[in-house]
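Dropping upload.txt in here (compact mmCIF, C-alpha atoms and all ligand atoms):
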```txt
# COMPACT_ATOMS: atom_id res chain seq x y z
CA MET A 160 94.77 52.92 76.39
CA ASP A 161 93.12 49.50 76.27
CA TYR A 162 95.38 48.15 78.96
CA LEU A 163 94.49 51.00 81.26
CA VAL A 164 90.78 50.81 80.59
CA GLN A 165 90.91 47.13 81.46
CA ALA A 166 92.91 47.97 84.54
CA TRP A 167 90.39 50.55 85.74
CA GLN A 168 87.49 48.21 85.10
CA SER A 169 89.12 45.21 86.73
CA VAL A 170 89.51 47.13 89.96
CA GLY A 171 85.93 48.35 89.82
CA MET A 172 86.59 51.81 88.43
CA GLU A 173 84.33 52.51 85.49
CA SER A 174 85.19 55.47 83.34
CA VAL A 175 82.26 57.44 84.70
CA THR A 176 79.62 56.74 87.28
CA GLY A 177 76.20 55.55 86.20
CA GLU A 178 74.78 58.99 86.81
CA ALA A 179 77.56 60.61 84.88
CA GLN A 180 77.02 58.25 81.98
CA HIS A 181 73.38 59.22 82.02
CA HIS A 182 74.25 62.90 81.87
CA ALA A 183 76.84 62.25 79.19
CA ARG A 184 74.27 60.41 77.07
CA LEU A 185 71.79 63.21 77.52
CA SER A 186 74.35 65.78 76.57
CA ASP A 187 75.40 63.77 73.54
CA MET A 188 71.81 63.80 72.33
CA ARG A 189 71.18 67.43 73.15
CA TRP A 190 74.27 68.81 71.53
CA ALA A 191 74.93 66.33 68.77
CA GLY A 192 76.65 68.05 65.88
CA GLN A 193 77.75 71.06 67.89
CA ARG A 194 81.31 71.75 68.91
CA ILE A 195 80.61 72.52 72.57
CA ASP A 196 78.24 70.92 75.02
CA ALA A 197 77.52 72.62 78.31
CA ILE A 198 75.98 70.39 80.94
CA GLY A 199 74.45 72.03 83.96
CA PRO A 200 75.98 72.05 87.41
CA GLY A 201 75.69 68.73 89.15
CA THR A 202 77.11 66.74 86.26
CA LEU A 203 78.97 64.60 88.73
CA PRO A 204 77.96 64.35 92.36
CA GLY A 205 81.33 65.38 93.79
CA LEU A 206 81.66 68.35 91.48
CA ALA A 207 78.22 69.61 92.37
CA ARG A 208 79.31 69.76 95.96
CA LEU A 209 82.09 72.12 94.97
CA GLY A 210 79.50 74.76 94.18
CA ASN A 211 81.80 76.61 91.81
CA LEU A 212 81.18 74.63 88.64
CA VAL A 213 80.52 76.92 85.70
CA ARG A 214 79.77 74.23 83.16
CA SER A 215 80.92 70.83 81.96
CA VAL A 216 82.08 70.69 78.37
CA ARG A 217 82.36 67.85 75.91
CA THR A 218 83.85 68.62 72.56
CA PRO A 219 85.01 66.50 69.59
CA GLU A 220 88.64 67.56 70.08
CA PHE A 221 88.57 65.87 73.48
CA GLU A 222 86.74 62.68 72.70
CA GLY A 223 85.81 60.76 75.82
CA ILE A 224 86.89 63.60 78.09
CA THR A 225 84.70 65.97 80.08
CA LEU A 226 86.15 69.37 80.88
CA HIS A 227 84.64 70.73 84.09
CA GLU A 228 85.20 74.48 84.14
CA VAL A 229 85.28 75.82 87.69
CA LEU A 230 85.88 79.16 89.36
CA THR A 231 88.74 78.71 91.77
CA LYS A 232 88.93 80.73 94.96
CA SER A 233 92.72 80.63 95.15
CA ALA A 234 95.61 80.26 92.75
CA LEU A 235 98.68 80.02 94.97
CA ASN A 236 98.80 76.83 97.00
CA HIS A 237 101.06 76.73 100.05
CA VAL A 238 102.32 73.22 100.73
CA PRO A 239 102.17 72.50 104.49
CA ALA A 240 105.51 72.37 106.28
CA THR A 241 104.65 68.83 107.37
CA SER A 242 104.20 67.56 103.81
CA ALA A 243 106.57 64.82 102.65
CA MET A 244 106.93 66.54 99.29
CA LEU A 245 107.86 70.19 98.80
CA PRO A 246 107.23 71.22 102.42
CA GLY A 247 106.70 74.93 102.75
CA GLU A 248 106.83 75.58 99.01
CA TRP A 249 104.24 77.26 96.78
CA THR A 250 102.60 75.59 93.82
CA ILE A 251 100.05 76.43 91.14
CA ASN A 252 97.93 73.80 89.41
CA PRO A 253 95.68 75.12 86.62
CA TYR A 254 94.15 71.67 86.14
CA ARG A 255 93.08 68.77 88.33
CA GLY A 256 93.21 65.40 86.66
CA CYS A 257 95.50 64.82 83.72
CA THR A 258 94.73 63.52 80.26
CA HIS A 259 98.29 62.28 79.89
CA ALA A 260 96.86 59.37 81.87
CA CYS A 261 100.08 57.87 83.19
CA ALA A 262 99.33 54.55 84.88
CA TYR A 263 101.85 55.21 87.64
CA CYS A 264 100.81 58.81 88.39
CA PHE A 265 101.06 59.57 92.10
CA ALA A 266 98.57 62.45 91.80
CA ARG A 267 95.69 60.10 91.06
CA PRO A 268 94.38 59.86 94.65
CA THR A 269 93.85 63.66 94.74
CA HIS A 270 90.86 63.12 92.44
CA GLU A 271 89.07 61.25 95.19
CA HIS A 272 88.69 64.52 97.12
CA LEU A 273 86.28 65.54 94.35
CA GLY A 274 84.17 62.42 94.64
CA LEU A 275 85.82 61.10 91.48
CA ASP A 276 87.89 57.96 91.19
CA LEU A 277 91.63 57.69 90.79
CA GLY A 278 91.34 55.51 87.70
CA ALA A 279 89.63 56.58 84.51
CA ASP A 280 88.03 59.65 86.12
CA PHE A 281 91.50 61.09 86.73
CA ASP A 282 92.22 60.73 83.00
CA ASN A 283 88.83 61.75 81.63
CA GLN A 284 87.16 64.10 84.13
CA LEU A 285 89.35 67.17 84.02
CA ILE A 286 88.88 70.17 86.31
CA VAL A 287 89.84 73.46 84.64
CA LYS A 288 90.30 76.57 86.80
CA VAL A 289 89.17 79.00 84.14
CA ASN A 290 89.59 82.12 86.28
CA LEU A 291 93.07 81.20 87.51
CA PRO A 292 94.96 84.12 85.89
CA ASP A 293 92.55 86.68 87.40
CA VAL A 294 92.72 85.12 90.84
CA LEU A 295 96.51 84.92 90.68
CA ARG A 296 96.81 88.58 89.69
CA ARG A 297 94.58 89.51 92.61
CA GLU A 298 96.61 87.42 95.06
CA LEU A 299 99.91 88.84 93.83
CA ALA A 300 98.56 92.36 94.18
CA THR A 301 97.25 91.89 97.72
CA LYS A 302 99.63 89.49 99.47
CA ARG A 303 101.86 91.25 101.98
CA THR A 304 104.73 88.88 101.25
CA LEU A 305 105.04 87.16 97.92
CA PRO A 306 106.38 83.62 97.50
CA GLU A 307 110.02 83.52 96.56
CA ARG A 308 109.19 80.99 93.90
CA VAL A 309 106.36 78.82 92.60
CA ALA A 310 106.41 75.29 91.15
CA PHE A 311 104.23 74.05 88.28
CA GLY A 312 103.79 70.39 87.41
CA THR A 313 104.06 69.11 90.95
CA ASN A 314 100.58 67.59 90.92
CA THR A 315 99.20 67.61 87.39
CA ASP A 316 100.70 68.68 84.10
CA PRO A 317 100.16 72.38 83.25
CA TYR A 318 100.89 71.69 79.57
CA GLN A 319 98.49 68.82 79.07
CA ARG A 320 96.25 68.98 75.99
CA ALA A 321 93.58 71.17 77.56
CA GLU A 322 96.10 74.01 77.84
CA GLY A 323 95.85 74.39 74.06
CA ARG A 324 92.18 75.20 74.48
CA TYR A 325 92.24 77.29 77.66
CA GLN A 326 95.63 79.03 77.38
CA LEU A 327 95.89 79.63 81.09
CA MET A 328 99.67 79.55 81.27
CA PRO A 329 100.62 82.66 79.24
CA PRO A 330 98.79 85.13 81.52
CA VAL A 331 99.98 83.21 84.58
CA ILE A 332 103.60 83.44 83.40
CA ASP A 333 103.13 87.16 82.78
CA ALA A 334 101.60 87.71 86.21
CA LEU A 335 104.44 85.94 88.05
CA THR A 336 107.08 87.69 85.99
CA GLY A 337 105.47 91.06 86.59
CA ALA A 338 105.46 90.40 90.32
CA ARG A 339 109.08 89.19 90.22
CA VAL A 340 108.24 85.69 91.39
CA SER A 341 110.55 82.95 90.10
CA PHE A 342 109.09 79.66 89.00
CA SER A 343 109.83 76.15 87.76
CA ILE A 344 107.80 74.07 85.31
CA LEU A 345 107.90 70.30 85.04
CA THR A 346 105.96 68.84 82.13
CA LYS A 347 105.61 66.02 79.64
CA GLY A 348 103.75 68.35 77.30
CA SER A 349 105.28 69.42 74.01
CA MET A 350 102.78 72.27 74.13
CA ILE A 351 105.24 74.21 76.26
CA ARG A 352 106.97 75.06 72.99
CA ARG A 353 104.15 77.52 72.34
CA ASP A 354 105.34 79.56 75.34
CA LEU A 355 109.11 79.25 75.04
CA ASP A 356 109.57 82.80 73.72
CA ARG A 357 107.50 84.12 76.60
CA LEU A 358 109.41 81.97 79.09
CA ALA A 359 112.74 83.13 77.69
CA ALA A 360 111.61 86.74 78.11
CA ALA A 361 110.49 85.95 81.66
CA ALA A 362 113.90 84.41 82.40
CA GLU A 363 115.48 87.81 81.82
CA ARG A 364 113.58 89.12 84.87
CA VAL A 365 113.11 86.11 87.18
CA ASN A 366 114.64 82.67 87.61
CA VAL A 367 112.81 80.22 85.35
CA GLU A 368 113.71 76.52 85.54
CA LEU A 369 112.28 74.05 83.04
CA GLY A 370 112.02 70.29 83.38
CA MET A 371 110.81 67.51 81.09
CA SER A 372 109.85 64.04 82.17
CA ILE A 373 111.21 61.39 79.77
CA ALA A 374 111.63 57.79 80.90
CA PHE A 375 111.10 55.50 77.93
CA LEU A 376 112.79 54.97 74.58
CA ASP A 377 110.56 51.99 73.85
CA GLU A 378 107.58 53.76 72.29
CA GLU A 379 105.25 50.79 72.67
CA LEU A 380 105.97 50.57 76.38
CA ARG A 381 105.62 54.34 76.73
CA HIS A 382 102.27 54.29 74.99
CA THR A 383 100.80 51.63 77.24
CA LEU A 384 101.90 53.50 80.36
CA GLU A 385 101.39 57.12 79.24
CA PRO A 386 98.66 56.78 76.60
CA GLY A 387 97.65 60.44 76.54
CA ALA A 388 101.11 61.98 76.66
CA PRO A 389 103.27 63.13 73.74
CA SER A 390 105.62 60.55 72.29
CA THR A 391 109.21 60.37 73.46
CA ALA A 392 110.29 61.74 70.06
CA ALA A 393 108.06 64.80 70.55
CA ARG A 394 109.47 65.34 74.02
CA LEU A 395 113.06 65.08 72.80
CA THR A 396 112.24 67.72 70.19
CA THR A 397 110.79 69.87 72.95
CA LEU A 398 113.92 69.38 75.02
CA ARG A 399 116.04 70.64 72.14
CA ALA A 400 113.73 73.61 71.75
CA MET A 401 114.14 74.44 75.44
CA ARG A 402 117.89 74.36 75.02
CA ASP A 403 117.70 76.50 71.89
CA ALA A 404 115.60 79.00 73.84
CA GLY A 405 118.47 79.40 76.29
CA PHE A 406 117.38 77.06 79.10
CA THR A 407 119.35 74.27 80.72
CA PRO A 408 116.54 71.80 81.25
CA THR A 409 116.42 69.12 83.89
CA VAL A 410 115.10 65.77 82.71
CA PHE A 411 113.21 63.65 85.19
CA VAL A 412 113.92 60.04 84.25
CA ALA A 413 110.87 58.85 86.11
CA PRO A 414 109.82 56.21 86.50
CA ILE A 415 112.65 53.73 86.04
CA LEU A 416 110.86 50.39 85.84
CA PRO A 417 112.43 47.34 87.50
CA HIS A 418 113.25 44.63 84.94
CA LEU A 419 111.83 46.70 82.10
CA THR A 420 113.96 49.83 81.75
CA ASP A 421 116.63 49.49 84.43
CA SER A 422 119.50 47.56 82.83
CA THR A 423 122.92 49.20 82.58
CA ASP A 424 122.62 49.38 78.79
CA GLN A 425 119.08 50.74 78.82
CA ILE A 426 119.96 53.48 81.29
CA ASP A 427 123.13 54.38 79.41
CA THR A 428 121.32 54.58 76.07
CA LEU A 429 118.53 56.71 77.50
CA ILE A 430 120.87 59.14 79.23
CA GLY A 431 123.03 59.37 76.12
CA THR A 432 119.94 60.24 74.08
CA LEU A 433 118.87 62.86 76.63
CA ALA A 434 122.35 64.39 76.72
CA SER A 435 122.36 64.68 72.92
CA ALA A 436 118.94 66.32 73.03
CA GLY A 437 120.08 69.04 75.43
CA ALA A 438 119.45 67.80 78.96
CA GLY A 439 121.45 69.84 81.43
CA THR A 440 120.87 67.66 84.44
CA ILE A 441 119.15 64.34 85.05
CA LEU A 442 117.01 63.40 88.03
CA PRO A 443 116.31 59.63 88.08
CA THR A 444 113.55 58.08 90.18
CA PRO A 445 112.66 54.39 90.40
CA LEU A 446 108.97 53.59 90.09
CA TYR A 447 107.02 54.83 93.11
CA LEU A 448 103.65 53.20 93.72
CA MET A 449 101.48 54.90 96.26
CA ARG A 450 98.21 53.76 97.74
CA GLY A 451 95.62 52.89 95.10
CA VAL A 452 98.03 53.47 92.24
CA LYS A 453 99.89 50.31 93.23
CA GLU A 454 96.81 48.18 92.59
CA LEU A 455 96.27 49.83 89.22
CA PHE A 456 99.87 49.31 88.21
CA PHE A 457 99.78 45.64 89.15
CA THR A 458 96.67 45.24 87.01
CA TRP A 459 98.57 46.79 84.12
CA LEU A 460 101.40 44.38 84.85
CA ARG A 461 99.03 41.40 84.77
CA HIS A 462 97.89 42.43 81.30
CA THR A 463 101.32 43.18 79.90
CA HIS A 464 104.11 41.43 81.81
CA GLN A 465 102.56 38.71 83.91
CA ASP A 466 105.92 37.01 84.35
CA LEU A 467 107.19 40.03 86.29
CA ILE A 468 104.50 40.01 88.96
CA PRO A 469 106.47 37.94 91.49
CA ALA A 470 109.53 40.19 91.11
CA TYR A 471 107.44 43.36 91.53
CA ALA A 472 105.52 41.86 94.44
CA ASP A 473 108.85 41.22 96.12
CA LEU A 474 110.28 44.68 95.36
CA TYR A 475 107.14 46.48 96.58
CA SER A 476 106.29 44.12 99.43
CA SER A 477 106.97 46.71 102.09
CA GLY A 478 105.31 49.76 100.57
CA SER A 479 105.44 52.31 97.80
CA ARG A 480 109.19 52.45 97.23
CA THR A 481 111.76 49.93 96.10
CA PRO A 482 114.19 48.74 98.79
CA ARG A 483 117.34 50.73 99.44
CA PRO A 484 119.73 48.20 97.80
CA TYR A 485 117.76 48.46 94.56
CA GLN A 486 117.82 52.24 94.70
CA ASP A 487 121.58 52.16 95.26
CA LEU A 488 122.01 49.85 92.28
CA ILE A 489 120.05 52.18 90.02
CA ARG A 490 121.91 55.20 91.29
CA ALA A 491 125.23 53.53 90.46
CA ARG A 492 124.06 52.71 86.94
CA VAL A 493 122.76 56.23 86.43
CA ASN A 494 125.94 57.82 87.74
CA ARG A 495 128.05 55.69 85.41
CA ALA A 496 125.91 56.76 82.46
CA LEU A 497 126.06 60.41 83.49
CA ARG A 498 129.86 60.26 83.58
CA ASN A 499 129.88 58.50 80.21
CA HIS A 500 127.90 61.32 78.66
CA GLY A 501 129.46 64.29 80.43
CA LEU A 502 126.50 65.21 82.62
CA PRO A 503 126.73 66.25 86.28
CA LEU A 504 125.74 63.80 89.01
CA PRO A 505 122.40 64.54 90.66
CA ASP A 506 122.63 66.11 94.08
CA PHE A 507 120.41 63.84 96.14
CA THR A 508 121.29 65.72 99.30
CA ALA A 509 119.73 68.93 97.99
CA SER A 510 116.70 69.72 100.07
CA ASP A 511 115.63 72.13 97.36
CA ARG A 512 114.66 69.59 94.71
CA PHE A 513 111.60 71.71 94.14
CA ALA A 514 113.65 74.07 92.05
CA LEU A 515 114.90 71.26 89.86
CA LEU A 516 118.09 69.97 91.41
CA GLY A 517 118.81 72.54 94.01
CA LYS A 518 119.07 75.65 91.91
CA ARG A 519 118.09 78.58 94.03
CA SER A 520 115.88 81.36 92.84
CA ILE A 521 117.25 84.83 92.50
CA PRO A 522 116.61 86.82 95.69
CA ALA A 523 113.10 88.11 96.10
CA PRO A 524 112.71 91.88 95.90
CA PRO A 525 112.69 93.67 99.27
CA THR A 526 109.27 93.64 101.00
CA PRO A 527 107.07 93.87 97.91
CA THR A 528 104.07 95.40 99.60
CA THR A 529 102.98 96.93 96.30
CA PRO A 530 104.03 94.52 93.60
CA THR A 531 104.22 95.74 90.06
CA LEU A 532 102.04 93.90 87.64
CA PHE A 533 103.37 94.06 84.09
S1 LIG A 601 101.86 63.81 83.17
FE1 LIG A 601 102.29 63.83 85.35
S2 LIG A 601 100.39 64.56 86.25
FE2 LIG A 601 99.90 63.87 84.20
S3 LIG A 601 99.24 61.76 84.43
FE3 LIG A 601 101.42 61.75 83.93
S4 LIG A 601 102.47 61.69 85.92
FE4 LIG A 601 100.35 62.32 86.30
```
Could you spell out this file's structure in structure tokens?
Ligand code: SF4
Amino acid sequence: MDYLVQAWQSVGMESVTGEAQHHARLSDMRWAGQRIDAIGPGTLPGLARLGNLVRSVRTPEFEGITLHEVLTKSALNHVPATSAMLPGEWTINPYRGCTHACAYCFARPTHEHLGLDLGADFDNQLIVKVNLPDVLRRELATKRTLPERVAFGTNTDPYQRAEGRYQLMPPVIDALTGARVSFSILTKGSMIRRDLDRLAAAAERVNVELGMSIAFLDEELRHTLEPGAPSTAARLTTLRAMRDAGFTPTVFVAPILPHLTDSTDQIDTLIGTLASAGAGTILPTPLYLMRGVKELFFTWLRHTHQDLIPAYADLYSSGSRTPRPYQDLIRARVNRALRNHGLPLPDFTASDRFALLGKRSIPAPPTPTTPTLF
């Protein structure tokens, strides 16, 4: 975490604003020795503007993290048809911000809409939609046409640590299953193992696709880039558990880091390990650095691999993505490894990557004007 803290600070992003630090200090004093600390609305300026803040919680289990419990007005989010990612699809995000704290996370800039920063605030100021299951049940009961399918994990991780405390996913899974809405879940969280029995039962009624994100075998490298996420070993165990529960999980090998994890041998070893652990399909993605995140990542690079800065500056000179020739090189290495380990090649032409490599949902029930809940 030290690298990231330095990165946030070096680009002028303190972990909390001065006002927030003041509130945090006050709350520390007021509630010292108690398990839960509720700070009044207005804890952070941007959150106060939301007007739906129930309370802000600090608790010893989440040291350094503030959990802002809010009442959400909607559960199902329809991605605009003009969006570059998942156009026209439906998503659900129980949390905003993510304590997995991945340095490269492309969701970071979404925190700025809350008046929070995309650095440490994204990791430590977590928004929790505590009424999400109720709102979802209401939406499923009243919508004239239900979504064919819903994606989880497209913005922030639904099985990050806070899910152990709030347990929002079990009732959400039940609600979608009861309404016959298929869904996919992409996570780095080993906590999904808690719900595998429930997910397996759901899969008997709707299409359920599970995905894990695993990109690093070097645990030290993983820890500096994903300091709040489960270890690779824990994720491999989770992958096996998904397989044992009857799923054919997709593994997102993302990000592949130029000059750090992209050699032919490194890719082959990683894919071999994933195949042995039960991966059904692999979806590789070279490092993508969007606005704001790019600066943070380069700060991380300065602290950890200064010698690589010129190479990265060259690769990302024209934007967020690596140039096409580099992508083609990685694809060739990945495809060779997939063949070596008996895994199918990814279908990059599939427009339906939402559903984890183009797998279609089962057909929606005819005109569900009165959906059945449970
Ligand atoms: S787990 Fe996903 S959402 Fe969470 S910080 Fe990492 S990349 Fe972002």
What box, with edges along x, y and z, holds each listed atom of ligand LIG 601 (chain A) when 5 Å is added on every side, and can you state its centre and edge lengths in Å to one decimal, as lines of an AutoDock Vina configuration file?
```
center_x = 100.9
center_y = 63.1
center_z = 84.7
size_x = 13.2
size_y = 12.9
size_z = 13.1
```
Find the residues near ligand LIG 601 (chain A). Use a cut-off of 8 Å, count only C-alpha atoms and all ligand atoms, and write them as JSON, numbers by chain. {"A": [256, 257, 258, 259, 260, 261, 262, 263, 264, 265, 266, 267, 282, 312, 313, 314, 315, 316, 319, 346, 347, 348, 385, 388]}
Test item: residues at most 12 Å from region 420-431 of chain A, all atoms listed in the file, excluding those fewer than 5 positions along its chain, as an MDAnalysis selection string: chainID A and resid 373:377 380:381 391 395 409:415 436:446 485:486 488:504
Taking (98.5, 83.1, 88.2) in the coordinates of the supplied file, I want to know which residues reach to within 6 Å of it, counting only C-alpha atoms; could you give the answer as a PDB file with C-alpha atoms, in the frame of the given file?
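This is the output file part-v2.pdb:
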```pdb
ATOM      1  CA  LEU A 291      93.070  81.200  87.510  1.00  0.00           C
ATOM      2  CA  PRO A 292      94.960  84.120  85.890  1.00  0.00           C
ATOM      3  CA  LEU A 295      96.510  84.920  90.680  1.00  0.00           C
ATOM      4  CA  ARG A 296      96.810  88.580  89.690  1.00  0.00           C
ATOM      5  CA  VAL A 331      99.980  83.210  84.580  1.00  0.00           C
ATOM      6  CA  ALA A 334     101.600  87.710  86.210  1.00  0.00           C
TER       7      ALA A 334
END
```
Using Å and a single decimal, report how far CA of Leu235 (chain A) sits from CA of Val287 (chain A).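 Atom-to-atom, CA of Val287 (chain A) to CA of Leu235 (chain A), that is 15.1 Å.
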d(CA of Met371 (chain A), CA of Ile344 (chain A)) in Å: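 Separating CA of Met371 (chain A) from CA of Ile344 (chain A) is a distance of 8.4 Å.
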At what distance in Å, to one decimal, does CA of Pro239 (chain A) lie from CA of Leu273 (chain A)? 20.1 Å
If you count only C-alpha atoms, which residues fall within 10 Å of Thr481 (chain A), apart from same-chain ones fewer than 3 positions away, as a PyMOL selection string? chain A and resi 417+445-448+471+473-478+484-486
Near region 367-369 of chain A, counting all atoms listed in the file, which residues have an atom at most 6 Å away, once you skip same-chain residues fewer than 2 positions from it, shown as an mmCIF file with C-alpha atoms, keeping the file's coordinate frame?
```
data_model
loop_
_atom_site.group_PDB
_atom_site.id
_atom_site.type_symbol
_atom_site.label_atom_id
_atom_site.label_comp_id
_atom_site.auth_asym_id
_atom_site.auth_seq_id
_atom_site.Cartn_x
_atom_site.Cartn_y
_atom_site.Cartn_z
ATOM 1 C CA SER A 341 110.550 82.950 90.100
ATOM 2 C CA PHE A 342 109.090 79.660 89.000
ATOM 3 C CA SER A 343 109.830 76.150 87.760
ATOM 4 C CA ILE A 344 107.800 74.070 85.310
ATOM 5 C CA ALA A 362 113.900 84.410 82.400
ATOM 6 C CA PRO A 408 116.540 71.800 81.250
#
```
Test item: residues at most 8 Å from region 322-330 of chain A, all atoms listed in the file, excluding those fewer than 6 positions along its chain, as a PyMOL selection string: chain A and resi 253+289+291-292+350+354+357
Using all atoms listed in the file, can you tell me which of A:Ala393, A:Leu277, A:Leu355, A:Ala321 comes closest to Leu455 (chain A)? A:Leu277
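With all atoms listed in the file as the atoms that count, the residue of A:Asp276, A:Asp506, A:Glu220, A:Asp356 with the shortest distance to Val452 (chain A) is A:Asp276.
Residue nearest Glu363 (chain A) within the list A:Ala392, A:Gly405, A:Pro386, A:Gly451: A:Gly405 [criterion: smallest interatomic distance, only C-alpha atoms].
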